[in-house]
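Accompanying notes for the structure given below.
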Amino acid sequence: MKRFRNASLILFLAATLGAQTTTVDRIAAIVDRQVITVSEISQMEKIRFFPRAPGQSEDDYRHSILESLIAQALRYRDVERFGAADIGKDDIEARLQQIESRFASPAEFTAAVEQAQLTLDEVRALIKRQLQVEGYIQERFAPMIFVSSDEIEAYYRGAYTQERRARGLPIPPLTSVQDEIRTLLKANGLQSEVARWTTGLRSQVNVDIYTWR
């Protein structure tokens with residue numbers, strides 16, 4: 001269940017000097033009893049933890065970050081039920097380099113991490129959790145995805161051919177691109193399965209969204 005609130009809910013942490021109370025953070029969303037704060041969204045935005053679509057506005061990007069954090073929170077709960085797999089250091093470092101490549105230089109990435117008030121080890125911890133979810137998805141859902149020869153041929157004669165013609169590109173024979181098409185269709189099928197799984201998880205708990213700005 002997803003519910004939206006019109007007014008931002010303010011999270012007050014105990015920081016009182018006399019009669020003065022300091023507002024530390026705002027709640028962006030609550031997933032069951034798990035709080036996602038506005039500062040978490042800002043941190044993910046600063047370090048570009050999630051890729052930003054070309055032409056995407058800052059507001060839409062922040063909203064998509066919140067939705068990604070909600071989805072990851074829901075998915076990780078399921079992962080924990082079955083035991084989260086360990087992730088190798090090389091895999092974590094490879095993903096870290098992928099995130100770093102979204103910046104003009106390593107120095108710019110390092111500055112962004114500092115500005116987000118994170119350490120590289122904290123970023124690695126975030127990456128590890130993300131990779132644990134991705135590994136679980138591959139183990140649980142990928143074996144369920146089967147793409148038939150008929151589906152490959154239908155896609156080739158339909159969407160694939162139409163797109164190539166629209167771009168003025170030659171159309172190669174089916175035999176030379178069938179593996180490419182199979183990979184694409186399997187990826188699309190996996191994405192659909194994950195979306196259904198996430199929707200099911202979300203329907204089982206209260207998800208209250210307050211703000212992402």
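Ligands are numbered from 1 in the order shown, residues from 1 within each chain, and chains are lettered A, B, ... in the order they appear in the structure tokens.
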Checklist entry - Out of chain A, which residues get strand (DSSP E) from DSSP, as a PyMOL selection string? => result chain A and resi 2-4+9-17+20-31+34-37+207-209
Serialized selection, N, CA and C atoms, as an mmCIF file, in the first residue's frame:
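See again.cif below for the written result:
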data_model
loop_
_atom_site.group_PDB
_atom_site.id
_atom_site.type_symbol
_atom_site.label_atom_id
_atom_site.label_comp_id
_atom_site.auth_asym_id
_atom_site.auth_seq_id
_atom_site.Cartn_x
_atom_site.Cartn_y
_atom_site.Cartn_z
ATOM 1 N N LYS A 2 0.587 2.182 -0.865
ATOM 2 C CA LYS A 2 1.378 3.415 -0.935
ATOM 3 C C LYS A 2 0.473 4.587 -0.596
ATOM 4 N N ARG A 3 0.912 5.419 0.315
ATOM 5 C CA ARG A 3 0.122 6.580 0.705
ATOM 6 C C ARG A 3 0.992 7.819 0.659
ATOM 7 N N PHE A 4 0.408 8.903 0.163
ATOM 8 C CA PHE A 4 1.133 10.166 0.070
ATOM 9 C C PHE A 4 0.612 11.126 1.130
ATOM 10 N N LEU A 9 6.666 15.539 6.978
ATOM 11 C CA LEU A 9 6.765 15.153 8.384
ATOM 12 C C LEU A 9 8.172 15.457 8.866
ATOM 13 N N ILE A 10 8.294 16.169 9.955
ATOM 14 C CA ILE A 10 9.601 16.577 10.473
ATOM 15 C C ILE A 10 10.056 15.594 11.544
ATOM 16 N N LEU A 11 11.256 15.130 11.366
ATOM 17 C CA LEU A 11 11.854 14.231 12.346
ATOM 18 C C LEU A 11 12.725 15.048 13.290
ATOM 19 N N PHE A 12 12.364 15.066 14.544
ATOM 20 C CA PHE A 12 13.144 15.790 15.551
ATOM 21 C C PHE A 12 13.964 14.782 16.352
ATOM 22 N N LEU A 13 15.269 14.964 16.361
ATOM 23 C CA LEU A 13 16.139 14.140 17.173
ATOM 24 C C LEU A 13 16.518 14.930 18.424
ATOM 25 N N ALA A 14 16.854 14.186 19.458
ATOM 26 C CA ALA A 14 17.122 14.845 20.740
ATOM 27 C C ALA A 14 18.377 15.691 20.667
ATOM 28 N N ALA A 15 18.170 16.983 20.481
ATOM 29 C CA ALA A 15 19.305 17.921 20.447
ATOM 30 C C ALA A 15 18.805 19.227 21.041
ATOM 31 N N THR A 16 18.497 19.196 22.288
ATOM 32 C CA THR A 16 17.865 20.337 22.940
ATOM 33 C C THR A 16 18.839 21.022 23.893
ATOM 34 N N LEU A 17 18.985 22.318 23.735
ATOM 35 C CA LEU A 17 19.780 23.132 24.650
ATOM 36 C C LEU A 17 18.822 24.153 25.257
ATOM 37 N N GLN A 20 15.722 25.365 23.227
ATOM 38 C CA GLN A 20 15.991 25.341 21.789
ATOM 39 C C GLN A 20 16.096 23.908 21.294
ATOM 40 N N THR A 21 15.351 23.580 20.216
ATOM 41 C CA THR A 21 15.384 22.259 19.622
ATOM 42 C C THR A 21 15.895 22.371 18.203
ATOM 43 N N THR A 22 16.815 21.494 17.829
ATOM 44 C CA THR A 22 17.394 21.533 16.496
ATOM 45 C C THR A 22 16.727 20.497 15.598
ATOM 46 N N THR A 23 16.278 20.929 14.419
ATOM 47 C CA THR A 23 15.719 20.007 13.459
ATOM 48 C C THR A 23 16.869 19.368 12.693
ATOM 49 N N VAL A 24 17.008 18.052 12.814
ATOM 50 C CA VAL A 24 18.146 17.376 12.230
ATOM 51 C C VAL A 24 17.859 16.875 10.827
ATOM 52 N N ASP A 25 16.687 16.314 10.598
ATOM 53 C CA ASP A 25 16.397 15.746 9.288
ATOM 54 C C ASP A 25 14.890 15.669 9.081
ATOM 55 N N ARG A 26 14.519 15.432 7.832
ATOM 56 C CA ARG A 26 13.105 15.233 7.507
ATOM 57 C C ARG A 26 12.894 13.829 6.980
ATOM 58 N N ILE A 27 11.732 13.295 7.243
ATOM 59 C CA ILE A 27 11.393 11.963 6.756
ATOM 60 C C ILE A 27 10.883 12.078 5.325
ATOM 61 N N ALA A 28 11.478 11.321 4.446
ATOM 62 C CA ALA A 28 11.013 11.275 3.053
ATOM 63 C C ALA A 28 9.937 10.211 2.885
ATOM 64 N N ALA A 29 10.134 9.070 3.550
ATOM 65 C CA ALA A 29 9.161 7.982 3.443
ATOM 66 C C ALA A 29 9.356 7.031 4.613
ATOM 67 N N ILE A 30 8.307 6.288 4.906
ATOM 68 C CA ILE A 30 8.381 5.214 5.892
ATOM 69 C C ILE A 30 7.906 3.937 5.213
ATOM 70 N N VAL A 31 8.771 2.938 5.215
ATOM 71 C CA VAL A 31 8.451 1.637 4.641
ATOM 72 C C VAL A 31 8.207 0.687 5.803
ATOM 73 N N GLN A 34 10.523 1.245 8.707
ATOM 74 C CA GLN A 34 11.846 1.723 8.299
ATOM 75 C C GLN A 34 11.753 3.123 7.717
ATOM 76 N N VAL A 35 12.563 4.037 8.254
ATOM 77 C CA VAL A 35 12.536 5.440 7.848
ATOM 78 C C VAL A 35 13.582 5.695 6.770
ATOM 79 N N ILE A 36 13.162 6.378 5.711
ATOM 80 C CA ILE A 36 14.078 6.887 4.688
ATOM 81 C C ILE A 36 14.033 8.403 4.790
ATOM 82 N N THR A 37 15.195 9.030 4.967
ATOM 83 C CA THR A 37 15.229 10.473 5.188
ATOM 84 C C THR A 37 15.588 11.237 3.919
ATOM 85 N N VAL A 207 3.474 1.884 2.888
ATOM 86 C CA VAL A 207 4.545 2.735 2.389
ATOM 87 C C VAL A 207 4.003 4.154 2.347
ATOM 88 N N ASP A 208 4.458 4.973 3.276
ATOM 89 C CA ASP A 208 4.006 6.360 3.356
ATOM 90 C C ASP A 208 5.081 7.270 2.784
ATOM 91 N N ILE A 209 4.743 8.017 1.740
ATOM 92 C CA ILE A 209 5.678 8.946 1.114
ATOM 93 C C ILE A 209 5.309 10.373 1.512
#
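Excluding segment 147-162 of chain A itself and same-chain residues fewer than 5 positions from it, the residues having an atom within 12 Å of it are Ala142, Arg167, Gly168, Leu169, Pro170, Ile171, Pro172, Pro173, Leu174, Thr175, Ser176, Val177, Gln178, Asp179, Glu180, Ile181, Arg182, Thr183, Leu184, Leu185, Lys186, Ala187, Asn188, Gly189 and Leu190 of chain A, counting only C-alpha atoms.
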Write the selection just made, keeping N, CA and C atoms, as a PDB file, in the first residue's frame?
ATOM      1  N   ALA A 142      16.066 -15.394 -12.611  1.00  0.00           N
ATOM      2  CA  ALA A 142      16.665 -15.611 -13.932  1.00  0.00           C
ATOM      3  C   ALA A 142      16.400 -17.001 -14.497  1.00  0.00           C
ATOM      4  N   ARG A 167      16.160   4.142 -38.018  1.00  0.00           N
ATOM      5  CA  ARG A 167      17.480   4.757 -37.834  1.00  0.00           C
ATOM      6  C   ARG A 167      18.328   4.702 -39.097  1.00  0.00           C
ATOM      7  N   GLY A 168      17.751   4.171 -40.171  1.00  0.00           N
ATOM      8  CA  GLY A 168      18.472   4.087 -41.434  1.00  0.00           C
ATOM      9  C   GLY A 168      19.617   3.099 -41.413  1.00  0.00           C
ATOM     10  N   LEU A 169      19.485   2.059 -40.618  1.00  0.00           N
ATOM     11  CA  LEU A 169      20.550   1.064 -40.477  1.00  0.00           C
ATOM     12  C   LEU A 169      20.210  -0.199 -41.253  1.00  0.00           C
ATOM     13  N   PRO A 170      21.211  -0.915 -41.719  1.00  0.00           N
ATOM     14  CA  PRO A 170      20.949  -2.177 -42.427  1.00  0.00           C
ATOM     15  C   PRO A 170      20.372  -3.214 -41.480  1.00  0.00           C
ATOM     16  N   ILE A 171      19.623  -4.153 -42.024  1.00  0.00           N
ATOM     17  CA  ILE A 171      19.008  -5.205 -41.211  1.00  0.00           C
ATOM     18  C   ILE A 171      19.781  -6.498 -41.421  1.00  0.00           C
ATOM     19  N   PRO A 172      20.529  -6.933 -40.432  1.00  0.00           N
ATOM     20  CA  PRO A 172      21.314  -8.158 -40.572  1.00  0.00           C
ATOM     21  C   PRO A 172      20.406  -9.383 -40.553  1.00  0.00           C
ATOM     22  N   PRO A 173      20.889 -10.520 -41.017  1.00  0.00           N
ATOM     23  CA  PRO A 173      20.077 -11.736 -40.957  1.00  0.00           C
ATOM     24  C   PRO A 173      19.810 -12.164 -39.523  1.00  0.00           C
ATOM     25  N   LEU A 174      18.698 -12.829 -39.332  1.00  0.00           N
ATOM     26  CA  LEU A 174      18.301 -13.246 -37.989  1.00  0.00           C
ATOM     27  C   LEU A 174      19.376 -14.095 -37.319  1.00  0.00           C
ATOM     28  N   THR A 175      20.014 -14.974 -38.079  1.00  0.00           N
ATOM     29  CA  THR A 175      20.997 -15.875 -37.485  1.00  0.00           C
ATOM     30  C   THR A 175      22.166 -15.136 -36.823  1.00  0.00           C
ATOM     31  N   SER A 176      22.455 -13.942 -37.302  1.00  0.00           N
ATOM     32  CA  SER A 176      23.600 -13.206 -36.750  1.00  0.00           C
ATOM     33  C   SER A 176      23.243 -12.369 -35.530  1.00  0.00           C
ATOM     34  N   VAL A 177      21.961 -12.201 -35.247  1.00  0.00           N
ATOM     35  CA  VAL A 177      21.558 -11.349 -34.113  1.00  0.00           C
ATOM     36  C   VAL A 177      20.648 -12.076 -33.126  1.00  0.00           C
ATOM     37  N   GLN A 178      20.396 -13.355 -33.351  1.00  0.00           N
ATOM     38  CA  GLN A 178      19.433 -14.045 -32.486  1.00  0.00           C
ATOM     39  C   GLN A 178      19.910 -14.128 -31.031  1.00  0.00           C
ATOM     40  N   ASP A 179      21.227 -14.288 -30.811  1.00  0.00           N
ATOM     41  CA  ASP A 179      21.732 -14.312 -29.432  1.00  0.00           C
ATOM     42  C   ASP A 179      21.559 -12.950 -28.763  1.00  0.00           C
ATOM     43  N   GLU A 180      21.803 -11.900 -29.519  1.00  0.00           N
ATOM     44  CA  GLU A 180      21.613 -10.537 -29.006  1.00  0.00           C
ATOM     45  C   GLU A 180      20.147 -10.313 -28.621  1.00  0.00           C
ATOM     46  N   ILE A 181      19.242 -10.760 -29.483  1.00  0.00           N
ATOM     47  CA  ILE A 181      17.813 -10.584 -29.211  1.00  0.00           C
ATOM     48  C   ILE A 181      17.384 -11.438 -28.023  1.00  0.00           C
ATOM     49  N   ARG A 182      17.907 -12.661 -27.945  1.00  0.00           N
ATOM     50  CA  ARG A 182      17.563 -13.528 -26.809  1.00  0.00           C
ATOM     51  C   ARG A 182      17.983 -12.869 -25.492  1.00  0.00           C
ATOM     52  N   THR A 183      19.183 -12.311 -25.463  1.00  0.00           N
ATOM     53  CA  THR A 183      19.673 -11.634 -24.251  1.00  0.00           C
ATOM     54  C   THR A 183      18.774 -10.458 -23.879  1.00  0.00           C
ATOM     55  N   LEU A 184      18.367  -9.690 -24.888  1.00  0.00           N
ATOM     56  CA  LEU A 184      17.493  -8.543 -24.640  1.00  0.00           C
ATOM     57  C   LEU A 184      16.141  -8.983 -24.096  1.00  0.00           C
ATOM     58  N   LEU A 185      15.552 -10.003 -24.707  1.00  0.00           N
ATOM     59  CA  LEU A 185      14.235 -10.471 -24.273  1.00  0.00           C
ATOM     60  C   LEU A 185      14.299 -11.095 -22.880  1.00  0.00           C
ATOM     61  N   LYS A 186      15.388 -11.778 -22.578  1.00  0.00           N
ATOM     62  CA  LYS A 186      15.534 -12.344 -21.236  1.00  0.00           C
ATOM     63  C   LYS A 186      15.659 -11.226 -20.203  1.00  0.00           C
ATOM     64  N   ALA A 187      16.395 -10.179 -20.555  1.00  0.00           N
ATOM     65  CA  ALA A 187      16.536  -9.037 -19.640  1.00  0.00           C
ATOM     66  C   ALA A 187      15.187  -8.367 -19.415  1.00  0.00           C
ATOM     67  N   ASN A 188      14.406  -8.211 -20.482  1.00  0.00           N
ATOM     68  CA  ASN A 188      13.071  -7.617 -20.348  1.00  0.00           C
ATOM     69  C   ASN A 188      12.167  -8.493 -19.487  1.00  0.00           C
ATOM     70  N   GLY A 189      12.261  -9.802 -19.693  1.00  0.00           N
ATOM     71  CA  GLY A 189      11.449 -10.719 -18.897  1.00  0.00           C
ATOM     72  C   GLY A 189      11.830 -10.686 -17.431  1.00  0.00           C
ATOM     73  N   LEU A 190      13.140 -10.617 -17.165  1.00  0.00           N
ATOM     74  CA  LEU A 190      13.602 -10.548 -15.783  1.00  0.00           C
ATOM     75  C   LEU A 190      13.131  -9.260 -15.129  1.00  0.00           C
TER      76      LEU A 190
END
In segment 17-189 of chain A, DSSP helix (DSSP H, G or I) residues written as number ranges by chain | A: 38-46, 58-82, 89-100, 106-115, 120-140, 142-144, 149-166, 174-189
**Study point:** Close residues, segment 88-94 of chain A itself excluded, 12 Å, only C-alpha atoms, min 5 positions apart in chain, as a VMD selection string
**Key:** chain A and resid 99 to 101 120 to 132 134 to 135
Saved selection, atoms kept: N, CA and C atoms, as an mmCIF file, in the first residue's frame:
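Here's the written file out-v1.cif:
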data_model
loop_
_atom_site.group_PDB
_atom_site.id
_atom_site.type_symbol
_atom_site.label_atom_id
_atom_site.label_comp_id
_atom_site.auth_asym_id
_atom_site.auth_seq_id
_atom_site.Cartn_x
_atom_site.Cartn_y
_atom_site.Cartn_z
ATOM 1 N N ILE A 99 30.353 3.607 -10.532
ATOM 2 C CA ILE A 99 29.754 4.831 -9.997
ATOM 3 C C ILE A 99 30.708 6.010 -10.198
ATOM 4 N N GLU A 100 31.980 5.771 -9.936
ATOM 5 C CA GLU A 100 32.984 6.823 -10.099
ATOM 6 C C GLU A 100 33.030 7.323 -11.539
ATOM 7 N N SER A 101 32.774 6.427 -12.498
ATOM 8 C CA SER A 101 32.835 6.807 -13.915
ATOM 9 C C SER A 101 31.733 7.789 -14.310
ATOM 10 N N LEU A 120 34.314 6.190 1.834
ATOM 11 C CA LEU A 120 34.300 5.183 0.773
ATOM 12 C C LEU A 120 33.860 3.823 1.303
ATOM 13 N N ASP A 121 34.189 3.517 2.540
ATOM 14 C CA ASP A 121 33.747 2.244 3.120
ATOM 15 C C ASP A 121 32.228 2.214 3.284
ATOM 16 N N GLU A 122 31.647 3.366 3.597
ATOM 17 C CA GLU A 122 30.183 3.421 3.694
ATOM 18 C C GLU A 122 29.547 3.255 2.320
ATOM 19 N N VAL A 123 30.164 3.818 1.292
ATOM 20 C CA VAL A 123 29.668 3.624 -0.069
ATOM 21 C C VAL A 123 29.796 2.156 -0.455
ATOM 22 N N ARG A 124 30.903 1.527 -0.083
ATOM 23 C CA ARG A 124 31.087 0.096 -0.362
ATOM 24 C C ARG A 124 30.007 -0.743 0.322
ATOM 25 N N ALA A 125 29.624 -0.353 1.537
ATOM 26 C CA ALA A 125 28.573 -1.084 2.258
ATOM 27 C C ALA A 125 27.242 -0.969 1.517
ATOM 28 N N LEU A 126 26.952 0.218 0.987
ATOM 29 C CA LEU A 126 25.737 0.408 0.196
ATOM 30 C C LEU A 126 25.776 -0.445 -1.073
ATOM 31 N N ILE A 127 26.936 -0.491 -1.690
ATOM 32 C CA ILE A 127 27.107 -1.287 -2.906
ATOM 33 C C ILE A 127 26.924 -2.772 -2.592
ATOM 34 N N LYS A 128 27.492 -3.225 -1.487
ATOM 35 C CA LYS A 128 27.377 -4.636 -1.104
ATOM 36 C C LYS A 128 25.912 -5.033 -0.966
ATOM 37 N N ARG A 129 25.126 -4.210 -0.305
ATOM 38 C CA ARG A 129 23.704 -4.527 -0.147
ATOM 39 C C ARG A 129 23.005 -4.566 -1.505
ATOM 40 N N GLN A 130 23.339 -3.612 -2.362
ATOM 41 C CA GLN A 130 22.739 -3.581 -3.691
ATOM 42 C C GLN A 130 23.089 -4.844 -4.478
ATOM 43 N N LEU A 131 24.347 -5.262 -4.410
ATOM 44 C CA LEU A 131 24.776 -6.454 -5.126
ATOM 45 C C LEU A 131 24.168 -7.724 -4.536
ATOM 46 N N GLN A 132 23.924 -7.730 -3.238
ATOM 47 C CA GLN A 132 23.259 -8.880 -2.622
ATOM 48 C C GLN A 132 21.838 -9.035 -3.164
ATOM 49 N N GLU A 134 20.801 -7.895 -6.115
ATOM 50 C CA GLU A 134 20.930 -8.276 -7.520
ATOM 51 C C GLU A 134 21.270 -9.758 -7.662
ATOM 52 N N GLY A 135 22.139 -10.265 -6.775
ATOM 53 C CA GLY A 135 22.485 -11.686 -6.813
ATOM 54 C C GLY A 135 21.292 -12.569 -6.504
#
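Between atom CA of Ser68 of chain A and atom CA of Thr199 of chain A lies a distance of 12.7 Å.
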Set out as a Markdown table a contact list for segment 83-178 of chain A and segment 44-56 of chain A with a cut-off of 10 Å, giving each residue of segment 83-178 of chain A that qualifies its closest atom pair and distance in Å to one decimal, counting only C-alpha atoms, ordered by chain and rising residue number.
| residue | atom | partner | partner_atom | distance |
| --- | --- | --- | --- | --- |
| A:Arg95 | CA | A:Phe49 | CA | 9.9 |
| A:Leu96 | CA | A:Phe49 | CA | 9.1 |
| A:Gln98 | CA | A:Phe49 | CA | 9.5 |
| A:Ile99 | CA | A:Phe49 | CA | 6.2 |
| A:Glu100 | CA | A:Ile47 | CA | 8.2 |
| A:Ser101 | CA | A:Arg48 | CA | 9.9 |
| A:Arg102 | CA | A:Arg48 | CA | 7.1 |
| A:Phe103 | CA | A:Arg48 | CA | 8.4 |
| A:Glu108 | CA | A:Ile47 | CA | 9.7 |
| A:Phe109 | CA | A:Ile47 | CA | 6.9 |
| A:Thr110 | CA | A:Ile47 | CA | 8.8 |
| A:Ala111 | CA | A:Ile47 | CA | 9.1 |
| A:Ala112 | CA | A:Ile47 | CA | 5.5 |
| A:Val113 | CA | A:Ile47 | CA | 5.8 |
| A:Glu114 | CA | A:Ile47 | CA | 9.2 |
| A:Gln115 | CA | A:Lys46 | CA | 7.5 |
| A:Ala116 | CA | A:Lys46 | CA | 6.1 |
| A:Gln117 | CA | A:Lys46 | CA | 9.9 |
| A:Leu118 | CA | A:Ile47 | CA | 9.3 |
| A:Val123 | CA | A:Phe49 | CA | 8.7 |
| A:Leu126 | CA | A:Phe49 | CA | 9.0 |
| A:Ile127 | CA | A:Phe49 | CA | 8.7 |
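Minimum atom-to-atom distance to Gln43 of chain A, evaluated using only C-alpha atoms, belongs to A:Leu66 out of A:Ile87, A:Leu66, A:Ala71, A:Ala166.
Straight-line separation from atom CA of Ala84 of chain A to atom CA of Val133 of chain A: 7.9 Å.
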Using only C-alpha atoms, the best pick from A:Arg75, A:Ala107, A:Arg164, A:Arg81 as closest to Gly200 of chain A would be A:Arg75
